[in-house]
file entry-v9.txt (compact mmCIF, C-alpha atoms)
# COMPACT_ATOMS: atom_id res chain seq x y z
CA MET A 626 30.26 2.76 -7.73
CA LYS A 627 31.50 6.16 -6.50
CA ILE A 628 34.74 7.31 -8.10
CA GLU A 629 37.07 9.44 -6.03
CA VAL A 630 39.30 12.10 -7.57
CA ASN A 631 41.80 13.78 -5.23
CA GLY A 632 39.77 12.58 -2.25
CA ALA A 633 36.46 14.06 -3.50
CA VAL A 634 33.66 11.97 -4.94
CA ALA A 635 33.63 12.54 -8.69
CA ALA A 636 30.40 13.61 -10.38
CA THR A 637 29.32 10.73 -12.59
CA ALA A 638 26.27 9.74 -14.57
CA THR A 639 25.29 7.06 -17.03
CA ILE A 640 23.17 7.90 -20.06
CA PHE A 641 21.28 4.80 -21.15
CA VAL A 642 20.03 5.19 -24.72
CA CYS A 643 17.27 2.97 -26.11
CA THR A 644 18.36 1.65 -29.50
CA THR A 645 15.13 -0.24 -30.21
CA CYS A 646 12.67 2.69 -30.43
CA ARG A 647 11.12 2.93 -33.89
CA ARG A 648 10.61 6.44 -35.31
CA LYS A 649 8.03 6.92 -38.06
CA ARG A 650 9.74 7.74 -41.35
CA GLU A 651 7.52 7.58 -44.40
CA ASP A 652 10.56 7.96 -46.65
CA MET A 653 12.09 4.73 -45.35
CA PRO A 654 11.31 1.32 -46.89
CA ASP A 655 9.86 -0.07 -43.65
CA GLY A 656 8.13 3.18 -42.66
CA PHE A 657 10.44 3.71 -39.68
CA ASP A 658 14.07 4.01 -38.63
CA LEU A 659 15.90 3.24 -35.37
CA PRO A 660 17.47 6.55 -34.34
CA GLY A 661 18.97 5.41 -31.02
CA ALA A 662 22.21 4.02 -32.43
CA ASP A 663 22.96 7.36 -34.11
CA LEU A 664 22.25 9.17 -30.85
CA VAL A 665 24.73 6.92 -29.01
CA GLN A 666 27.40 7.83 -31.57
CA ALA A 667 26.56 11.53 -31.42
CA LEU A 668 26.68 11.62 -27.61
CA GLY A 669 30.07 9.92 -27.64
CA GLY A 670 31.32 12.45 -30.19
CA GLU A 671 30.01 15.38 -28.15
CA ILE A 672 31.74 14.09 -25.00
CA GLU A 673 34.98 13.79 -26.92
CA ARG A 674 34.60 17.23 -28.51
CA THR A 675 33.77 19.04 -25.26
CA GLY A 676 35.95 17.00 -22.89
CA ALA A 677 32.95 16.38 -20.61
CA SER A 678 34.10 14.02 -17.87
CA GLY A 679 32.31 11.50 -15.70
CA LEU A 680 29.71 10.51 -18.30
CA THR A 681 29.13 6.99 -19.62
CA VAL A 682 26.92 6.39 -22.65
CA THR A 683 25.45 2.89 -22.86
CA PRO A 684 23.11 1.59 -25.57
CA VAL A 685 20.23 -0.53 -24.28
CA GLU A 686 18.02 -2.83 -26.29
CA CYS A 687 14.60 -1.60 -25.17
CA LEU A 688 13.69 0.70 -22.32
CA ALA A 689 10.05 -0.34 -23.00
CA VAL A 690 8.82 3.21 -23.59
CA CYS A 691 8.55 2.58 -27.35
CA LYS A 692 6.29 5.49 -28.30
CA ARG A 693 8.66 8.39 -27.60
CA PRO A 694 11.91 7.90 -29.58
CA CYS A 695 14.61 8.54 -28.74
CA THR A 696 14.31 7.75 -25.06
CA VAL A 697 17.21 8.06 -22.62
CA ALA A 698 17.61 7.40 -18.89
CA LEU A 699 19.97 9.34 -16.64
CA VAL A 700 21.21 7.13 -13.81
CA GLY A 701 23.75 7.80 -11.06
CA PRO A 702 24.80 6.29 -7.73
CA GLY A 703 22.33 7.24 -4.98
CA LYS A 704 20.40 9.54 -7.32
CA TRP A 705 16.85 9.71 -8.67
CA THR A 706 16.67 8.20 -12.16
CA TYR A 707 15.19 10.38 -14.92
CA LEU A 708 13.65 8.94 -18.05
CA VAL A 709 13.25 11.40 -20.93
CA GLY A 710 11.76 10.84 -24.38
CA ASP A 711 11.14 12.70 -27.66
CA LEU A 712 14.86 13.41 -28.13
CA GLU A 713 16.41 13.93 -31.57
CA THR A 714 20.11 13.60 -32.32
CA GLU A 715 20.44 16.81 -34.34
CA ALA A 716 18.41 19.06 -32.04
CA HIS A 717 19.27 17.69 -28.62
CA THR A 718 22.71 16.05 -28.42
CA ALA A 719 24.35 19.06 -26.73
CA GLU A 720 21.37 19.50 -24.39
CA ILE A 721 21.49 15.85 -23.32
CA ILE A 722 25.18 16.20 -22.42
CA SER A 723 24.66 19.43 -20.47
CA ALA A 724 21.63 17.93 -18.68
CA ALA A 725 23.66 14.81 -17.83
CA LEU A 726 26.50 16.96 -16.43
CA ALA A 727 24.03 18.94 -14.26
CA PHE A 728 22.49 15.64 -13.14
CA ALA A 729 25.94 14.24 -12.30
CA ARG A 730 26.89 17.34 -10.29
CA SER A 731 23.61 17.37 -8.33
CA GLU A 732 23.49 15.57 -5.02
CA THR A 733 20.13 13.87 -5.54
CA GLY A 734 19.76 13.84 -9.33
CA ILE A 735 16.98 16.41 -9.05
CA VAL A 736 18.15 19.41 -11.07
CA PRO A 737 16.31 22.72 -10.48
CA TRP A 738 13.59 23.21 -13.11
CA LYS A 739 15.08 26.42 -14.50
CA GLU A 740 18.41 24.67 -15.13
CA ARG A 741 16.80 21.95 -17.26
CA PRO A 742 16.84 22.32 -21.03
CA GLN A 743 13.44 22.64 -22.73
CA SER A 744 13.71 19.14 -24.18
CA PHE A 745 14.07 17.72 -20.67
CA ARG A 746 11.17 19.77 -19.30
CA ARG A 747 8.84 18.61 -22.06
CA GLY A 748 10.14 15.09 -22.53
CA VAL A 749 10.12 13.65 -19.01
CA VAL A 750 8.56 10.17 -19.07
CA ALA A 751 9.17 9.25 -15.43
CA ARG A 752 11.46 9.66 -12.44
CA ILE A 753 12.27 7.01 -9.85
CA PRO A 754 13.88 7.48 -6.44
CA PRO A 755 17.12 5.75 -5.51
CA LEU A 756 16.95 2.49 -3.61
CA GLY A 757 16.65 3.22 0.10
CA PHE A 758 14.67 6.41 -0.46
CA VAL A 759 12.29 7.11 2.42
CA SER A 760 9.59 9.64 1.78
CA PHE A 761 8.94 10.50 5.38
CA PRO A 762 11.78 10.28 7.87
CA PRO A 763 10.92 8.24 10.94
CA GLU A 764 9.71 10.12 13.97
CA PRO A 765 12.74 11.30 16.00
CA PRO A 766 13.09 9.76 19.47
CA LYS A 767 11.24 11.69 22.13
CA PRO A 768 13.47 13.70 24.47
CA GLU A 769 13.78 12.17 27.87
CA THR A 770 11.61 13.93 30.39
CA THR A 771 13.13 12.68 33.61
CA MET B 1490 21.95 -3.07 0.36
CA LYS B 1491 21.93 -6.88 0.14
CA ILE B 1492 20.49 -8.60 3.16
CA GLU B 1493 21.89 -11.99 4.11
CA VAL B 1494 19.79 -14.66 5.78
CA ASN B 1495 21.64 -17.80 6.92
CA GLY B 1496 24.54 -16.92 4.62
CA ALA B 1497 22.36 -16.57 1.49
CA VAL B 1498 21.46 -13.24 -0.08
CA ALA B 1499 17.80 -12.59 0.72
CA ALA B 1500 15.40 -11.75 -2.11
CA THR B 1501 14.33 -8.16 -1.62
CA ALA B 1502 12.45 -5.54 -3.58
CA THR B 1503 11.08 -2.08 -3.01
CA ILE B 1504 7.69 -1.09 -4.38
CA PHE B 1505 7.60 2.66 -4.88
CA VAL B 1506 4.00 3.88 -5.18
CA CYS B 1507 3.16 7.27 -6.64
CA THR B 1508 0.73 9.04 -4.34
CA THR B 1509 0.32 12.13 -6.52
CA CYS B 1510 -1.35 10.58 -9.61
CA ARG B 1511 -4.83 11.98 -10.15
CA ARG B 1512 -7.52 9.53 -11.29
CA LYS B 1513 -10.60 10.91 -13.04
CA ARG B 1514 -13.67 10.52 -10.83
CA GLU B 1515 -16.74 12.41 -11.99
CA ASP B 1516 -18.49 11.61 -8.72
CA MET B 1517 -15.85 13.48 -6.70
CA PRO B 1518 -16.11 17.22 -5.95
CA ASP B 1519 -12.82 18.01 -7.73
CA GLY B 1520 -13.39 15.53 -10.57
CA PHE B 1521 -10.54 13.30 -9.42
CA ASP B 1522 -9.15 11.36 -6.49
CA LEU B 1523 -5.61 10.35 -5.47
CA PRO B 1524 -5.69 6.55 -5.33
CA GLY B 1525 -1.99 5.99 -4.52
CA ALA B 1526 -2.29 6.39 -0.75
CA ASP B 1527 -4.98 3.69 -0.62
CA LEU B 1528 -2.79 1.39 -2.68
CA VAL B 1529 0.10 1.87 -0.24
CA GLN B 1530 -2.19 0.83 2.62
CA ALA B 1531 -3.58 -2.12 0.69
CA LEU B 1532 -0.11 -3.40 -0.26
CA GLY B 1533 1.01 -3.17 3.36
CA GLY B 1534 -2.11 -5.08 4.44
CA GLU B 1535 -1.55 -7.77 1.80
CA ILE B 1536 2.08 -8.25 2.92
CA GLU B 1537 0.90 -8.64 6.51
CA ARG B 1538 -1.93 -11.01 5.51
CA THR B 1539 0.24 -13.27 3.35
CA GLY B 1540 3.49 -13.04 5.32
CA ALA B 1541 5.38 -12.04 2.15
CA SER B 1542 8.95 -11.26 3.17
CA GLY B 1543 11.64 -9.01 1.73
CA LEU B 1544 9.26 -6.38 0.32
CA THR B 1545 9.30 -2.69 1.22
CA VAL B 1546 6.44 -0.41 0.20
CA THR B 1547 7.37 3.27 -0.02
CA PRO B 1548 5.03 6.11 -1.05
CA VAL B 1549 6.60 8.67 -3.38
CA GLU B 1550 5.30 12.11 -4.16
CA CYS B 1551 5.36 12.01 -7.95
CA LEU B 1552 6.97 9.47 -10.26
CA ALA B 1553 6.20 11.96 -13.08
CA VAL B 1554 4.14 9.50 -15.12
CA CYS B 1555 0.89 11.28 -14.16
CA LYS B 1556 -1.40 9.88 -16.85
CA ARG B 1557 -1.50 6.24 -15.75
CA PRO B 1558 -2.65 6.04 -12.10
CA CYS B 1559 -1.73 4.19 -10.06
CA THR B 1560 1.89 3.90 -11.09
CA VAL B 1561 4.41 1.79 -9.17
CA ALA B 1562 8.13 1.10 -9.63
CA LEU B 1563 9.81 -2.18 -8.68
CA VAL B 1564 13.41 -1.56 -7.62
CA GLY B 1565 16.04 -3.94 -6.27
CA PRO B 1566 19.81 -4.01 -5.75
CA GLY B 1567 21.61 -4.75 -9.03
CA LYS B 1568 18.30 -5.32 -10.86
CA TRP B 1569 16.50 -3.73 -13.78
CA THR B 1570 13.85 -1.28 -12.55
CA TYR B 1571 10.29 -1.80 -13.81
CA LEU B 1572 7.74 0.99 -13.94
CA VAL B 1573 4.12 -0.14 -14.27
CA GLY B 1574 0.95 1.95 -14.53
CA ASP B 1575 -2.84 1.54 -14.76
CA LEU B 1576 -2.99 -0.34 -11.46
CA GLU B 1577 -6.10 -0.36 -9.26
CA THR B 1578 -6.14 -1.23 -5.57
CA GLU B 1579 -9.15 -3.53 -5.73
CA ALA B 1580 -8.19 -5.42 -8.87
CA HIS B 1581 -4.43 -5.60 -8.60
CA THR B 1582 -3.13 -5.52 -5.00
CA ALA B 1583 -2.49 -9.29 -4.86
CA GLU B 1584 -0.94 -9.25 -8.36
CA ILE B 1585 1.45 -6.44 -7.43
CA ILE B 1586 2.67 -8.39 -4.40
CA SER B 1587 3.15 -11.60 -6.39
CA ALA B 1588 4.91 -9.69 -9.19
CA ALA B 1589 7.17 -8.00 -6.62
CA LEU B 1590 8.04 -11.37 -5.07
CA ALA B 1591 8.91 -12.84 -8.50
CA PHE B 1592 10.97 -9.70 -9.22
CA ALA B 1593 12.78 -10.05 -5.86
CA ARG B 1594 13.55 -13.72 -6.48
CA SER B 1595 14.87 -13.10 -10.00
CA GLU B 1596 18.56 -12.47 -10.47
CA THR B 1597 18.23 -9.56 -12.90
CA GLY B 1598 14.75 -8.23 -12.20
CA ILE B 1599 13.62 -9.53 -15.59
CA VAL B 1600 10.80 -11.98 -14.88
CA PRO B 1601 9.82 -14.37 -17.72
CA TRP B 1602 6.82 -12.98 -19.63
CA LYS B 1603 4.55 -15.93 -18.86
CA GLU B 1604 5.14 -15.46 -15.12
CA ARG B 1605 3.99 -11.84 -15.20
CA PRO B 1606 0.39 -11.04 -14.25
CA GLN B 1607 -1.79 -9.52 -17.00
CA SER B 1608 -1.72 -6.11 -15.31
CA PHE B 1609 2.08 -6.07 -15.51
CA ARG B 1610 2.13 -7.19 -19.14
CA ARG B 1611 -0.29 -4.45 -20.16
CA GLY B 1612 0.81 -1.72 -17.79
CA VAL B 1613 4.56 -1.50 -18.33
CA VAL B 1614 5.61 2.14 -18.69
CA ALA B 1615 9.38 1.64 -18.84
CA ARG B 1616 12.28 -0.51 -17.69
CA ILE B 1617 15.77 0.73 -16.85
CA PRO B 1618 18.95 -1.33 -16.44
CA PRO B 1619 20.93 -1.31 -13.20
CA LEU B 1620 23.88 1.04 -12.89
CA GLY B 1621 26.95 -0.60 -14.41
CA PHE B 1622 24.93 -2.49 -17.03
CA VAL B 1623 26.93 -3.09 -20.20
CA SER B 1624 24.94 -4.03 -23.24
CA PHE B 1625 27.71 -5.79 -25.09
CA PRO B 1626 30.40 -7.60 -23.12
CA PRO B 1627 33.92 -6.65 -24.19
CA GLU B 1628 35.58 -8.86 -26.77
CA PRO B 1629 37.24 -11.82 -25.01
CA PRO B 1630 41.03 -11.97 -25.28
CA LYS B 1631 42.23 -13.80 -28.36
CA PRO B 1632 43.65 -17.26 -27.71
CA GLU B 1633 47.41 -17.39 -28.00
CA THR B 1634 48.48 -18.91 -31.29
CA THR B 1635 52.10 -19.72 -30.49
call {"tool": "encode", "arguments": {"input": "entry-v9.txt", "output": "structure tokens"}}
result
Amino acid sequence: MKIEVNGAVAATATIFVCTTCRRKREDMPDGFDLPGADLVQALGGEIERTGASGLTVTPVECLAVCKRPCTVALVGPGKWTYLVGDLETEAHTAEIISAALAFARSETGIVPWKERPQSFRRGVVARIPPLGFVSFPPEPPKPETT
Amino acid sequence: MKIEVNGAVAATATIFVCTTCRRKREDMPDGFDLPGADLVQALGGEIERTGASGLTVTPVECLAVCKRPCTVALVGPGKWTYLVGDLETEAHTAEIISAALAFARSETGIVPWKERPQSFRRGVVARIPPLGFVSFPPEPPKPETT
């Protein structure tokens, strides 16, 4: 899943966007809208406009968070996954792209707090380590004492 | 990351357990305890007791859910990740192991609803597709009409 460019591993990330989240909208006939599809379009447009590379935007039918539209997940090979909610297309499209680029460039997916946009500081729903993560490294072998 | 046993891919899953979640406990000096570490021990004991194979239990310092102790994540190669909260060691240890085994055996990580224990139906916090997931398969090539 790692992409090499000129011999170096390229920085990549996938932005999964939940397209099933219902947002309360009293002005709509059903009392809600589904803002995720618009966010997918806006993120694609922002990538095109800025020339951001290495990012994939993928709509997903239900991330099962439900109560915090829009919800997105940042996922990358060997990285922690970050799930972030309460995102709005108009206010946060550029921030999501810059956060995804920082995530892609980071080795572990853990971006320093001060480099995260406000929406990502406030909106974090969960984070999950990459498969194979070990919290405590095994005890190193004892030096031979002969 | 796939483990082969007698030529077949073995069913494996990792159970990440948040050990940082604080649970309200008015009888404790600080007003809370940290139940995750006990759950890690209990899951390990249950695996040993039942001989469940293919499961790895890994404590994690903070899954960033915080408000729904204990929280666990089920993760497997090429599978959807499931994040589940509101789990208690005494009530749910056996259910977590059986849910993890069903998750490990499933191809996608998506276990049929009726096969999920009550705690997993009620406690789902989020689900995230595997890297490389594509929501809509590309249009198949048109048949030649010559």
call {"tool": "residues_around", "arguments": {"input": "entry-v9.txt", "residues": "B:Glu1596", "least_positions_apart": "5", "cutoff": "9 Å", "atoms": "only C-alpha atoms", "output": "mmCIF file with C-alpha atoms, keeping the file's coordinate frame"}}
result
data_model
loop_
_atom_site.group_PDB
_atom_site.id
_atom_site.type_symbol
_atom_site.label_atom_id
_atom_site.label_comp_id
_atom_site.auth_asym_id
_atom_site.auth_seq_id
_atom_site.Cartn_x
_atom_site.Cartn_y
_atom_site.Cartn_z
ATOM 1 C CA ALA B 1500 15.400 -11.750 -2.110
ATOM 2 C CA GLY B 1567 21.610 -4.750 -9.030
ATOM 3 C CA LYS B 1568 18.300 -5.320 -10.860
#
call {"tool": "residues_around", "arguments": {"input": "entry-v9.txt", "residues": "stretch 1614-1620 of chain B", "least_positions_apart": "4", "cutoff": "6 Å", "atoms": "only C-alpha atoms", "output": "PDB file with C-alpha atoms, in the frame of the given file"}}
result
ATOM      1  CA  LEU A 688      13.690   0.700 -22.320  1.00  0.00           C
ATOM      2  CA  ALA A 689      10.050  -0.340 -23.000  1.00  0.00           C
ATOM      3  CA  VAL A 690       8.820   3.210 -23.590  1.00  0.00           C
TER       4      VAL A 690
ATOM      5  CA  GLY B1567      21.610  -4.750  -9.030  1.00  0.00           C
ATOM      6  CA  LYS B1568      18.300  -5.320 -10.860  1.00  0.00           C
ATOM      7  CA  TRP B1569      16.500  -3.730 -13.780  1.00  0.00           C
ATOM      8  CA  THR B1570      13.850  -1.280 -12.550  1.00  0.00           C
ATOM      9  CA  TYR B1571      10.290  -1.800 -13.810  1.00  0.00           C
ATOM     10  CA  LEU B1572       7.740   0.990 -13.940  1.00  0.00           C
ATOM     11  CA  VAL B1573       4.120  -0.140 -14.270  1.00  0.00           C
TER      12      VAL B1573
END
call {"tool": "residues_near_point", "arguments": {"input": "entry-v9.txt", "point": "(12.7, -1.0, -4.4)", "cutoff": "12 Å", "atoms": "all atoms listed in the file", "output": "PyMOL selection string"}}
result
(chain A and resi 753-759) or (chain B and resi 1490-1491+1500-1506+1543-1549+1561-1572+1589-1590+1592-1593+1598)
call {"tool": "residues_near_point", "arguments": {"input": "entry-v9.txt", "point": "(17.5, -2.8, -27.2)", "cutoff": "7 Å", "atoms": "all atoms listed in the file", "output": "PyMOL selection string"}}
result
chain A and resi 643-645+685-687
call {"tool": "write_last_selection", "arguments": {"input": "entry-v9.txt", "atoms": "C-alpha atoms", "output": "mmCIF file, in the frame of the given file"}}
result
data_model
loop_
_atom_site.group_PDB
_atom_site.id
_atom_site.type_symbol
_atom_site.label_atom_id
_atom_site.label_comp_id
_atom_site.auth_asym_id
_atom_site.auth_seq_id
_atom_site.Cartn_x
_atom_site.Cartn_y
_atom_site.Cartn_z
ATOM 1 C CA CYS A 643 17.270 2.970 -26.110
ATOM 2 C CA THR A 644 18.360 1.650 -29.500
ATOM 3 C CA THR A 645 15.130 -0.240 -30.210
ATOM 4 C CA VAL A 685 20.230 -0.530 -24.280
ATOM 5 C CA GLU A 686 18.020 -2.830 -26.290
ATOM 6 C CA CYS A 687 14.600 -1.600 -25.170
#
call {"tool": "calpha_fit_rmsd", "arguments": {"input": "entry-v9.txt", "fixed": "chain B", "moving": "chain A"}}
result
0.3 Å
call {"tool": "atom_distance", "arguments": {"input": "entry-v9.txt", "atom1": "atom CA of B:Ala1531", "atom2": "atom CA of B:Val1600"}}
result
23.4 Å
